[in-house]
>>> print(open('input-v4.tsv').read())   # TSV, C-alpha atoms and all ligand atoms
chain	number	residue	atom	x	y	z
A	278	MET	CA	-12.37	-8.87	23.06
A	279	LYS	CA	-14.06	-6.69	25.63
A	280	SER	CA	-16.45	-3.90	24.67
A	281	ARG	CA	-16.81	-0.95	26.96
A	282	ILE	CA	-18.84	2.22	26.68
A	283	ILE	CA	-16.49	5.07	27.55
A	284	ASN	CA	-19.06	7.80	27.18
A	285	SER	CA	-22.79	8.05	26.65
A	286	TYR	CA	-25.34	10.81	26.57
A	287	GLN	CA	-28.98	11.27	25.78
A	288	THR	CA	-30.18	13.37	22.87
A	289	PRO	CA	-33.09	15.83	23.32
A	290	SER	CA	-35.42	13.34	21.64
A	291	GLY	CA	-34.50	10.57	24.02
A	292	GLN	CA	-32.05	8.30	22.15
A	293	ARG	CA	-28.84	7.31	23.86
A	294	VAL	CA	-25.55	7.82	22.03
A	295	GLU	CA	-22.62	5.63	23.04
A	296	VAL	CA	-18.91	5.86	22.37
A	297	VAL	CA	-17.53	2.34	22.36
A	298	LYS	CA	-14.04	1.02	22.95
A	299	GLN	CA	-12.98	-2.53	21.99
A	300	SER	CA	-10.08	-3.92	24.00
A	301	PHE	CA	-7.79	-6.89	23.41
A	302	SER	CA	-5.97	-7.91	26.56
A	303	SER	CA	-2.39	-9.06	26.80
A	304	PHE	CA	-1.41	-12.68	27.46
A	305	HIS	CA	1.91	-11.37	28.75
A	306	LYS	CA	1.68	-9.58	32.10
A	307	PRO	CA	2.46	-6.74	32.23
A	308	PRO	CA	1.73	-5.86	28.59
A	309	ILE	CA	4.85	-5.03	26.57
A	310	LYS	CA	3.12	-1.99	25.05
A	311	ARG	CA	-0.44	-0.68	24.85
A	312	VAL	CA	-1.57	0.70	21.49
A	313	ALA	CA	-4.82	2.54	20.75
A	314	PHE	CA	-6.50	3.31	17.42
A	315	VAL	CA	-8.97	6.20	17.27
A	316	SER	CA	-11.22	7.11	14.37
A	317	GLY	CA	-14.20	9.26	13.54
A	318	LEU	CA	-13.24	12.46	15.38
A	319	HIS	CA	-14.51	14.04	12.17
A	320	GLY	CA	-17.76	12.25	11.45
A	321	ASN	CA	-17.54	12.26	7.65
A	322	GLU	CA	-14.09	10.64	7.57
A	323	LEU	CA	-14.98	7.02	7.07
A	324	GLU	CA	-11.68	5.43	6.01
A	325	GLY	CA	-10.48	5.18	9.63
A	326	ILE	CA	-13.75	3.56	10.71
A	327	TYR	CA	-13.24	0.90	8.04
A	328	LEU	CA	-9.60	0.48	9.08
A	329	CYS	CA	-10.74	-0.12	12.69
A	330	ASN	CA	-13.27	-2.65	11.39
A	331	LEU	CA	-10.51	-4.61	9.61
A	332	LEU	CA	-8.25	-4.47	12.66
A	333	THR	CA	-11.01	-5.56	15.08
A	334	ASN	CA	-11.98	-8.43	12.82
A	335	TYR	CA	-8.36	-9.63	12.50
A	336	LEU	CA	-7.51	-9.26	16.19
A	337	LYS	CA	-10.73	-10.96	17.31
A	338	LYS	CA	-9.90	-14.05	15.25
A	339	LEU	CA	-6.31	-14.03	16.50
A	340	GLN	CA	-7.34	-13.74	20.15
A	341	ASN	CA	-9.98	-16.48	19.82
A	342	THR	CA	-7.51	-18.93	18.30
A	343	GLN	CA	-4.09	-17.89	19.63
A	344	PRO	CA	-4.43	-15.61	22.67
A	345	GLU	CA	-0.76	-16.21	23.50
A	346	LYS	CA	0.19	-14.10	20.45
A	347	PHE	CA	-0.82	-10.96	22.35
A	348	LEU	CA	2.18	-9.68	24.28
A	349	GLY	CA	0.62	-6.25	24.59
A	350	GLU	CA	-2.79	-4.60	24.64
A	351	VAL	CA	-4.76	-3.09	21.78
A	352	HIS	CA	-7.65	-0.66	22.25
A	353	ILE	CA	-9.83	0.39	19.34
A	354	TYR	CA	-12.16	3.41	19.44
A	355	PRO	CA	-13.83	3.01	16.04
A	356	SER	CA	-16.29	5.91	16.07
A	357	VAL	CA	-15.72	8.64	18.64
A	358	ASN	CA	-18.19	11.17	17.17
A	359	PRO	CA	-21.02	8.71	16.43
A	360	GLN	CA	-23.83	11.22	15.82
A	361	ALA	CA	-21.73	13.05	13.22
A	362	SER	CA	-20.74	9.76	11.53
A	363	ALA	CA	-24.35	8.60	11.46
A	364	ILE	CA	-25.28	11.51	9.22
A	365	GLY	CA	-21.92	11.87	7.46
A	366	VAL	CA	-20.91	15.32	8.66
A	367	ARG	CA	-17.52	16.53	9.87
A	368	LEU	CA	-18.63	18.56	12.89
A	369	TRP	CA	-20.43	17.62	16.08
A	370	PRO	CA	-24.09	17.98	14.99
A	371	PHE	CA	-26.28	20.75	16.38
A	372	LEU	CA	-23.40	22.40	18.25
A	373	SER	CA	-21.40	22.54	14.98
A	374	VAL	CA	-18.07	22.35	16.74
A	375	ASP	CA	-14.96	20.57	15.56
A	376	LEU	CA	-14.37	17.76	18.06
A	377	ASN	CA	-10.70	17.70	17.09
A	378	ARG	CA	-10.32	21.29	18.31
A	379	GLN	CA	-11.61	20.61	21.84
A	380	PHE	CA	-8.57	19.01	23.45
A	381	LYS	CA	-6.76	22.08	24.75
A	382	ASN	CA	-7.18	22.69	28.45
A	383	THR	CA	-9.57	25.59	28.26
A	384	SER	CA	-12.77	26.37	30.02
A	385	GLY	CA	-16.13	25.61	28.47
A	386	ASN	CA	-18.65	22.97	29.30
A	387	SER	CA	-20.24	21.98	26.00
A	388	LEU	CA	-21.09	18.35	25.41
A	389	ALA	CA	-18.42	18.16	22.70
A	390	ARG	CA	-15.81	19.59	25.10
A	391	SER	CA	-16.67	17.12	27.89
A	392	SER	CA	-16.70	14.22	25.38
A	393	ALA	CA	-13.24	15.27	24.23
A	394	GLU	CA	-12.05	15.31	27.82
A	395	THR	CA	-13.49	11.85	28.52
A	396	LEU	CA	-11.79	10.49	25.40
A	397	ILE	CA	-8.34	11.92	26.12
A	398	LYS	CA	-8.50	10.78	29.77
A	399	ASP	CA	-9.41	7.26	28.67
A	400	LEU	CA	-6.58	7.23	26.11
A	401	LYS	CA	-4.04	8.48	28.64
A	402	ALA	CA	-5.09	5.72	31.02
A	403	SER	CA	-5.02	2.93	28.42
A	404	ALA	CA	-2.36	3.63	25.79
A	405	ASP	CA	1.39	4.12	25.42
A	406	ILE	CA	1.08	4.82	21.67
A	407	VAL	CA	-1.95	6.15	19.77
A	408	VAL	CA	-2.88	6.18	16.08
A	409	ASP	CA	-5.51	8.82	15.18
A	410	CYS	CA	-7.06	8.12	11.77
A	411	HIS	CA	-8.38	10.88	9.53
A	412	ALA	CA	-9.49	11.12	5.94
A	413	SER	CA	-9.13	14.18	3.78
A	414	ASN	CA	-11.93	16.70	3.26
A	415	LEU	CA	-14.56	16.55	0.51
A	416	HIS	CA	-12.34	18.38	-1.99
A	417	LEU	CA	-8.94	16.75	-2.00
A	418	LYS	CA	-7.81	13.15	-2.38
A	419	GLU	CA	-4.73	12.26	-0.36
A	420	VAL	CA	-2.39	9.26	-0.52
A	421	PRO	CA	-2.00	7.43	2.82
A	422	GLN	CA	0.30	9.68	4.82
A	423	ILE	CA	1.29	10.63	8.36
A	424	ARG	CA	1.51	14.26	9.40
A	425	ILE	CA	3.89	15.14	12.19
A	426	ILE	CA	4.46	18.41	13.99
A	427	GLU	CA	8.11	19.42	14.19
A	428	GLY	CA	9.39	18.89	17.71
A	429	PHE	CA	7.66	15.52	18.02
A	430	HIS	CA	9.37	14.16	14.89
A	431	LYS	CA	12.31	12.41	16.59
A	432	LYS	CA	9.97	10.13	18.52
A	433	LEU	CA	7.35	9.77	15.80
A	434	ILE	CA	9.31	9.18	12.57
A	435	PRO	CA	10.71	5.78	13.72
A	436	LEU	CA	7.10	4.66	14.40
A	437	ALA	CA	5.62	6.27	11.28
A	438	VAL	CA	8.02	4.45	8.94
A	439	GLN	CA	6.48	1.16	10.13
A	440	CYS	CA	2.98	2.12	8.97
A	441	ASN	CA	3.21	1.42	5.21
A	442	VAL	CA	2.31	4.98	4.26
A	443	ASP	CA	3.58	6.71	1.12
A	444	LEU	CA	4.62	9.91	2.79
A	445	ILE	CA	5.53	11.48	6.12
A	446	TRP	CA	5.01	15.22	6.18
A	447	VAL	CA	6.74	17.14	8.98
A	448	HIS	CA	4.96	20.46	9.63
A	449	PRO	CA	6.25	23.41	11.63
A	450	PRO	CA	4.21	23.96	14.80
A	451	SER	CA	1.17	26.21	14.44
A	452	PRO	CA	-1.47	27.40	16.94
A	453	VAL	CA	-4.11	25.67	14.81
A	454	PHE	CA	-2.84	22.25	15.95
A	455	GLU	CA	-2.73	23.09	19.65
A	456	SER	CA	-6.27	22.00	20.39
A	457	THR	CA	-6.09	18.68	18.53
A	458	LEU	CA	-6.05	15.23	20.11
A	459	GLY	CA	-2.74	14.35	18.43
A	460	TYR	CA	-0.92	17.46	19.65
A	461	ASN	CA	-2.15	17.13	23.23
A	462	LEU	CA	-1.32	13.44	23.51
A	463	ASN	CA	2.14	14.03	22.06
A	464	LYS	CA	2.61	16.90	24.50
A	465	SER	CA	1.66	14.49	27.30
A	466	LYS	CA	4.45	12.19	26.07
A	467	ILE	CA	2.11	9.63	24.50
A	468	PRO	CA	3.47	9.29	20.96
A	469	THR	CA	0.53	9.78	18.59
A	470	LEU	CA	0.57	9.30	14.84
A	471	VAL	CA	-2.00	11.23	12.82
A	472	ILE	CA	-2.95	9.48	9.62
A	473	GLU	CA	-4.52	11.30	6.69
A	474	THR	CA	-5.80	9.38	3.70
A	475	GLY	CA	-8.34	9.24	0.86
A	476	ILE	CA	-11.26	11.60	0.82
A	477	ALA	CA	-14.23	12.32	3.09
A	478	LEU	CA	-17.44	10.29	2.74
A	479	ARG	CA	-15.74	7.59	0.65
A	480	ILE	CA	-13.72	4.48	1.31
A	481	ASN	CA	-10.73	3.80	-0.89
A	482	GLN	CA	-10.24	0.08	-0.30
A	483	ASP	CA	-6.70	0.03	-1.71
A	484	PHE	CA	-5.58	2.79	0.65
A	485	VAL	CA	-7.25	1.19	3.67
A	486	SER	CA	-5.74	-2.24	2.83
A	487	GLN	CA	-2.34	-0.55	2.59
A	488	LEU	CA	-2.85	1.05	6.02
A	489	PHE	CA	-4.19	-2.19	7.53
A	490	LYS	CA	-0.95	-3.90	6.54
A	491	GLY	CA	0.93	-0.96	8.08
A	492	MET	CA	-1.00	-1.07	11.36
A	493	LEU	CA	-0.31	-4.79	11.74
A	494	ASN	CA	3.33	-4.15	10.97
A	495	LEU	CA	3.41	-1.44	13.65
A	496	LEU	CA	1.92	-3.90	16.17
A	497	TYR	CA	4.54	-6.54	15.22
A	498	HIS	CA	7.33	-3.95	15.35
A	499	LEU	CA	6.29	-2.88	18.86
A	500	GLY	CA	6.01	-6.51	20.00
A	501	VAL	CA	2.30	-6.11	20.83
A	502	ILE	CA	1.40	-9.15	18.74
A	503	VAL	CA	3.74	-11.84	17.48
A	504	THR	CA	3.47	-13.93	14.37
A	505	ASP	CA	5.02	-17.14	13.07
A	506	LYS	CA	4.66	-15.97	9.50
A	507	ILE	CA	7.22	-13.88	7.69
A	508	GLN	CA	5.69	-10.46	7.24
A	509	PRO	CA	5.69	-8.84	3.82
A	510	LYS	CA	7.91	-5.77	3.71
A	511	VAL	CA	6.19	-2.44	4.14
A	512	ASN	CA	6.76	0.55	1.94
A	513	TYR	CA	9.39	2.98	3.20
A	514	PRO	CA	7.82	6.43	2.92
A	515	ILE	CA	9.35	9.67	1.70
A	516	VAL	CA	9.88	12.07	4.61
A	517	ILE	CA	9.28	15.68	3.56
A	518	GLN	CA	9.43	19.19	5.00
A	519	PRO	CA	7.14	22.03	3.79
A	520	SER	CA	9.96	23.35	1.54
A	521	GLN	CA	9.70	20.10	-0.45
A	522	VAL	CA	5.98	20.55	-1.20
A	523	VAL	CA	4.97	22.20	-4.48
A	524	ILE	CA	1.40	23.54	-4.37
A	525	LEU	CA	-0.58	23.96	-7.60
A	526	GLN	CA	-3.57	26.32	-7.50
A	527	SER	CA	-6.22	27.52	-9.86
A	528	ASP	CA	-6.04	31.04	-11.31
A	529	PHE	CA	-9.68	30.95	-12.45
A	530	PRO	CA	-13.13	29.89	-11.36
A	531	GLY	CA	-14.33	26.87	-13.30
A	532	PHE	CA	-14.26	23.09	-13.45
A	533	PHE	CA	-11.18	21.03	-12.68
A	534	ILE	CA	-10.74	17.84	-14.69
A	535	ALA	CA	-7.81	15.68	-13.62
A	536	ASN	CA	-5.59	13.94	-16.14
A	537	THR	CA	-3.93	11.62	-13.68
A	538	ASP	CA	-4.28	10.20	-10.19
A	539	VAL	CA	-2.45	10.48	-6.88
A	540	LYS	CA	0.33	8.06	-5.85
A	541	LYS	CA	2.28	8.67	-9.05
A	542	ASN	CA	5.70	9.98	-9.81
A	543	VAL	CA	5.35	12.89	-12.20
A	544	SER	CA	7.97	14.53	-14.40
A	545	LYS	CA	8.40	18.22	-15.05
A	546	GLY	CA	5.85	19.24	-17.72
A	547	ASP	CA	3.42	16.34	-17.16
A	548	ILE	CA	-0.20	17.45	-17.39
A	549	ILE	CA	-1.94	17.06	-14.02
A	550	GLY	CA	-5.31	18.43	-15.18
A	551	LYS	CA	-7.20	21.31	-16.74
A	552	VAL	CA	-9.35	24.16	-15.53
A	553	LEU	CA	-12.32	24.54	-17.90
A	554	ASP	CA	-14.73	27.37	-18.54
A	555	SER	CA	-18.18	25.96	-17.96
A	556	MET	CA	-19.82	28.50	-20.31
A	557	ASN	CA	-17.83	28.63	-23.52
A	558	GLY	CA	-15.91	25.37	-23.78
A	559	GLU	CA	-12.47	26.95	-23.32
A	560	ILE	CA	-9.51	25.57	-21.45
A	561	LEU	CA	-8.62	28.34	-19.02
A	562	GLN	CA	-5.53	26.78	-17.49
A	563	GLU	CA	-3.45	23.70	-18.07
A	564	ILE	CA	-2.02	22.45	-14.80
A	565	THR	CA	1.42	20.95	-15.32
A	566	ALA	CA	4.03	19.63	-12.94
A	567	PRO	CA	6.67	22.35	-12.50
A	568	ARG	CA	9.22	19.84	-11.14
A	569	ASN	CA	9.77	16.07	-10.93
A	570	GLY	CA	8.14	14.59	-7.84
A	571	PHE	CA	5.48	12.45	-6.22
A	572	LEU	CA	1.84	13.50	-6.68
A	573	PHE	CA	0.28	13.02	-3.27
A	574	THR	CA	-2.75	15.34	-3.27
A	575	LEU	CA	-5.24	15.86	-6.10
A	576	ARG	CA	-8.41	17.91	-6.38
A	577	GLU	CA	-11.43	15.59	-6.43
A	578	HIS	CA	-14.24	18.15	-6.22
A	579	PRO	CA	-14.53	19.73	-9.68
A	580	LEU	CA	-16.00	23.12	-8.69
A	581	ILE	CA	-13.21	25.60	-8.15
A	582	TYR	CA	-12.57	29.25	-7.41
A	583	PRO	CA	-9.33	31.21	-7.95
A	584	GLY	CA	-6.70	30.17	-5.41
A	585	ASP	CA	-8.19	26.73	-4.78
A	586	LEU	CA	-5.70	23.95	-4.24
A	587	LEU	CA	-5.55	21.53	-7.18
A	588	ALA	CA	-2.55	19.33	-6.45
A	589	ARG	CA	0.48	18.88	-4.23
A	590	ILE	CA	3.75	17.35	-5.38
A	591	ALA	CA	6.47	16.15	-3.02
A	592	LEU	CA	9.98	16.81	-4.24
A	593	LYS	CA	12.06	13.76	-3.46
A	594	GLU	CA	15.28	15.64	-3.75
A	595	MET	CA	16.04	19.29	-4.22
A	596	ASP	CA	16.76	19.17	-7.97
B	1	ZN	ZN	-10.16	14.61	10.36
>>> encode(input="input-v4.tsv", output="structure tokens", more="lines below")
Ligand SMILES: [Zn+2]
Amino acid sequence: MKSRIINSYQTPSGQRVEVVKQSFSSFHKPPIKRVAFVSGLHGNELEGIYLCNLLTNYLKKLQNTQPEKFLGEVHIYPSVNPQASAIGVRLWPFLSVDLNRQFKNTSGNSLARSSAETLIKDLKASADIVVDCHASNLHLKEVPQIRIIEGFHKKLIPLAVQCNVDLIWVHPPSPVFESTLGYNLNKSKIPTLVIETGIALRINQDFVSQLFKGMLNLLYHLGVIVTDKIQPKVNYPIVIQPSQVVILQSDFPGFFIANTDVKKNVSKGDIIGKVLDSMNGEILQEITAPRNGFLFTLREHPLIYPGDLLARIALKEMD
């Protein structure tokens, strides 16, 4: 494994901040495929950083003992917004900008903007396929899933089904995605899968283990690494469009107490949770599943206002 600093800068108080890339070279020349894993664009999303840790650990052992198993290259960028991750915040500290909204070719010379440019240039030079790992925000827990923008779906779905996720969600295009890393790499014809899982500032070990198995499966599927062992089968995800997503929201301000957890099939009428009045002990709203489906998002933060998202259910078929 080779470590390289792709970007570094000095803070006003003198410390140096470094963005590191770990590379595993190919035994086969030229490499069959080059795959990159990126995490930490949002500093408080830690699940991807842990996933990169598991991958680096596994690949390091494999390369030390059986370098011939690498028929392609792997590049891992475990923490691309290190100052934000160090203090557990989503945005680039001090400048308070979203690093994952800096990838559109626009003018501007902030440090976050130039760091975004350095990262995307490095990825374009080193990878044929990219996996960009995100966690959910502080409010919602998400099952391991891949979100794809319509238009890129033909190329991406065959890769995404190899990743052991529970769900693939195909979104219509929206201007809000146009400045993201994933959108801009896909537009540059570098297929990029955007993973969303868990919740910010936490690590759900079950979800990350599930994704780790999926990432190895993706590497086997692409022929980047080979194995003598028979690989366990990965989960085939449900592929959904927005019309198959039922959104449950709160009508009241209050506390949300969940009755169940994500990653479950629910039947029409099942109680998902309750909205409680914090003052007088009343149940303001009982949240029930309006249809049969798969519960893939659930409110984790209990404080809610009217209109807040409480749960999302994927309809497997239009019943
Ligand atoms: Zn994110």
>>> residues_near_ligand(input="input-v4.tsv", ligand="ligand ZN 1 (chain B)", cutoff="6 Å", atoms="only C-alpha atoms and all ligand atoms", output="compact mmCIF listing (two decimals) with C-alpha atoms, in the frame of the given file")
# COMPACT_ATOMS: atom_id res chain seq x y z
CA HIS A 319 -14.51 14.04 12.17
CA HIS A 411 -8.38 10.88 9.53
CA ALA A 412 -9.49 11.12 5.94
>>> atom_distance(input="input-v4.tsv", atom1="CA of Gln526 in chain A", atom2="CA of Pro450 in chain A")
23.7 Å
>>> atom_distance(input="input-v4.tsv", atom1="CA of Ile581 in chain A", atom2="CA of Val552 in chain A")
8.5 Å
>>> closest_residue(input="input-v4.tsv", among="A:Pro421, A:Gly365, A:Gly475, A:Gly570", to="Trp446 in chain A", atoms="all atoms listed in the file")
A:Pro421
>>> closest_residue(input="input-v4.tsv", among="A:Pro359, A:Gly325, A:Pro308, A:Pro435", to="Tyr286 in chain A", atoms="only C-alpha atoms")
A:Pro359
>>> closest_residue(input="input-v4.tsv", among="A:Pro289, A:Glu322, A:Gly531, A:Tyr327", to="Val485 in chain A", atoms="only C-alpha atoms")
A:Tyr327
>>> residues_near_point(input="input-v4.tsv", point="(-3.6, 23.1, 20.3)", cutoff="10 Å", atoms="only C-alpha atoms", output="ChimeraX atom specification")
/A:377-382,450-461,464
>>> closest_residue(input="input-v4.tsv", among="A:Val408, A:Val503, A:Met556, A:Cys440", to="Ser486 in chain A", atoms="all atoms listed in the file")
A:Cys440
>>> atom_distance(input="input-v4.tsv", atom1="CA of Lys306 in chain A", atom2="CA of Leu499 in chain A")
15.5 Å
>>> closest_residue(input="input-v4.tsv", among="A:Ile534, A:Leu493, A:Leu525, A:Ala389", to="Leu572 in chain A", atoms="only C-alpha atoms")
A:Leu525
>>> closest_residue(input="input-v4.tsv", among="A:Gly491, A:Pro514, A:Gly500, A:Pro370", to="Asn358 in chain A", atoms="all atoms listed in the file")
A:Pro370
>>> residues_around(input="input-v4.tsv", residues="Ile590 in chain A", least_positions_apart="5", cutoff="9 Å", atoms="only C-alpha atoms", output="number ranges by chain")
A: 521-525, 542-543, 566, 568-574
>>> residues_near_point(input="input-v4.tsv", point="(-14.0, 18.2, -9.3)", cutoff="8 Å", atoms="only C-alpha atoms", output="PyMOL selection string")
chain A and resi 416+532-535+576-581
>>> residues_around(input="input-v4.tsv", residues="Ser356 in chain A", least_positions_apart="4", cutoff="12 Å", atoms="all atoms listed in the file", output="PDB file with C-alpha atoms, keeping the file's coordinate frame")
ATOM      1  CA  ILE A 282     -18.840   2.220  26.680  1.00  0.00           C
ATOM      2  CA  ILE A 283     -16.490   5.070  27.550  1.00  0.00           C
ATOM      3  CA  ASN A 284     -19.060   7.800  27.180  1.00  0.00           C
ATOM      4  CA  VAL A 294     -25.550   7.820  22.030  1.00  0.00           C
ATOM      5  CA  GLU A 295     -22.620   5.630  23.040  1.00  0.00           C
ATOM      6  CA  VAL A 296     -18.910   5.860  22.370  1.00  0.00           C
ATOM      7  CA  VAL A 297     -17.530   2.340  22.360  1.00  0.00           C
ATOM      8  CA  LYS A 298     -14.040   1.020  22.950  1.00  0.00           C
ATOM      9  CA  GLN A 299     -12.980  -2.530  21.990  1.00  0.00           C
ATOM     10  CA  PHE A 314      -6.500   3.310  17.420  1.00  0.00           C
ATOM     11  CA  VAL A 315      -8.970   6.200  17.270  1.00  0.00           C
ATOM     12  CA  SER A 316     -11.220   7.110  14.370  1.00  0.00           C
ATOM     13  CA  GLY A 317     -14.200   9.260  13.540  1.00  0.00           C
ATOM     14  CA  LEU A 318     -13.240  12.460  15.380  1.00  0.00           C
ATOM     15  CA  HIS A 319     -14.510  14.040  12.170  1.00  0.00           C
ATOM     16  CA  GLY A 320     -17.760  12.250  11.450  1.00  0.00           C
ATOM     17  CA  ASN A 321     -17.540  12.260   7.650  1.00  0.00           C
ATOM     18  CA  GLU A 322     -14.090  10.640   7.570  1.00  0.00           C
ATOM     19  CA  LEU A 323     -14.980   7.020   7.070  1.00  0.00           C
ATOM     20  CA  GLU A 324     -11.680   5.430   6.010  1.00  0.00           C
ATOM     21  CA  GLY A 325     -10.480   5.180   9.630  1.00  0.00           C
ATOM     22  CA  ILE A 326     -13.750   3.560  10.710  1.00  0.00           C
ATOM     23  CA  TYR A 327     -13.240   0.900   8.040  1.00  0.00           C
ATOM     24  CA  LEU A 328      -9.600   0.480   9.080  1.00  0.00           C
ATOM     25  CA  CYS A 329     -10.740  -0.120  12.690  1.00  0.00           C
ATOM     26  CA  ASN A 330     -13.270  -2.650  11.390  1.00  0.00           C
ATOM     27  CA  GLN A 360     -23.830  11.220  15.820  1.00  0.00           C
ATOM     28  CA  ALA A 361     -21.730  13.050  13.220  1.00  0.00           C
ATOM     29  CA  SER A 362     -20.740   9.760  11.530  1.00  0.00           C
ATOM     30  CA  ALA A 363     -24.350   8.600  11.460  1.00  0.00           C
ATOM     31  CA  GLY A 365     -21.920  11.870   7.460  1.00  0.00           C
ATOM     32  CA  LEU A 396     -11.790  10.490  25.400  1.00  0.00           C
ATOM     33  CA  ASP A 409      -5.510   8.820  15.180  1.00  0.00           C
ATOM     34  CA  CYS A 410      -7.060   8.120  11.770  1.00  0.00           C
ATOM     35  CA  HIS A 411      -8.380  10.880   9.530  1.00  0.00           C
TER      36      HIS A 411
END
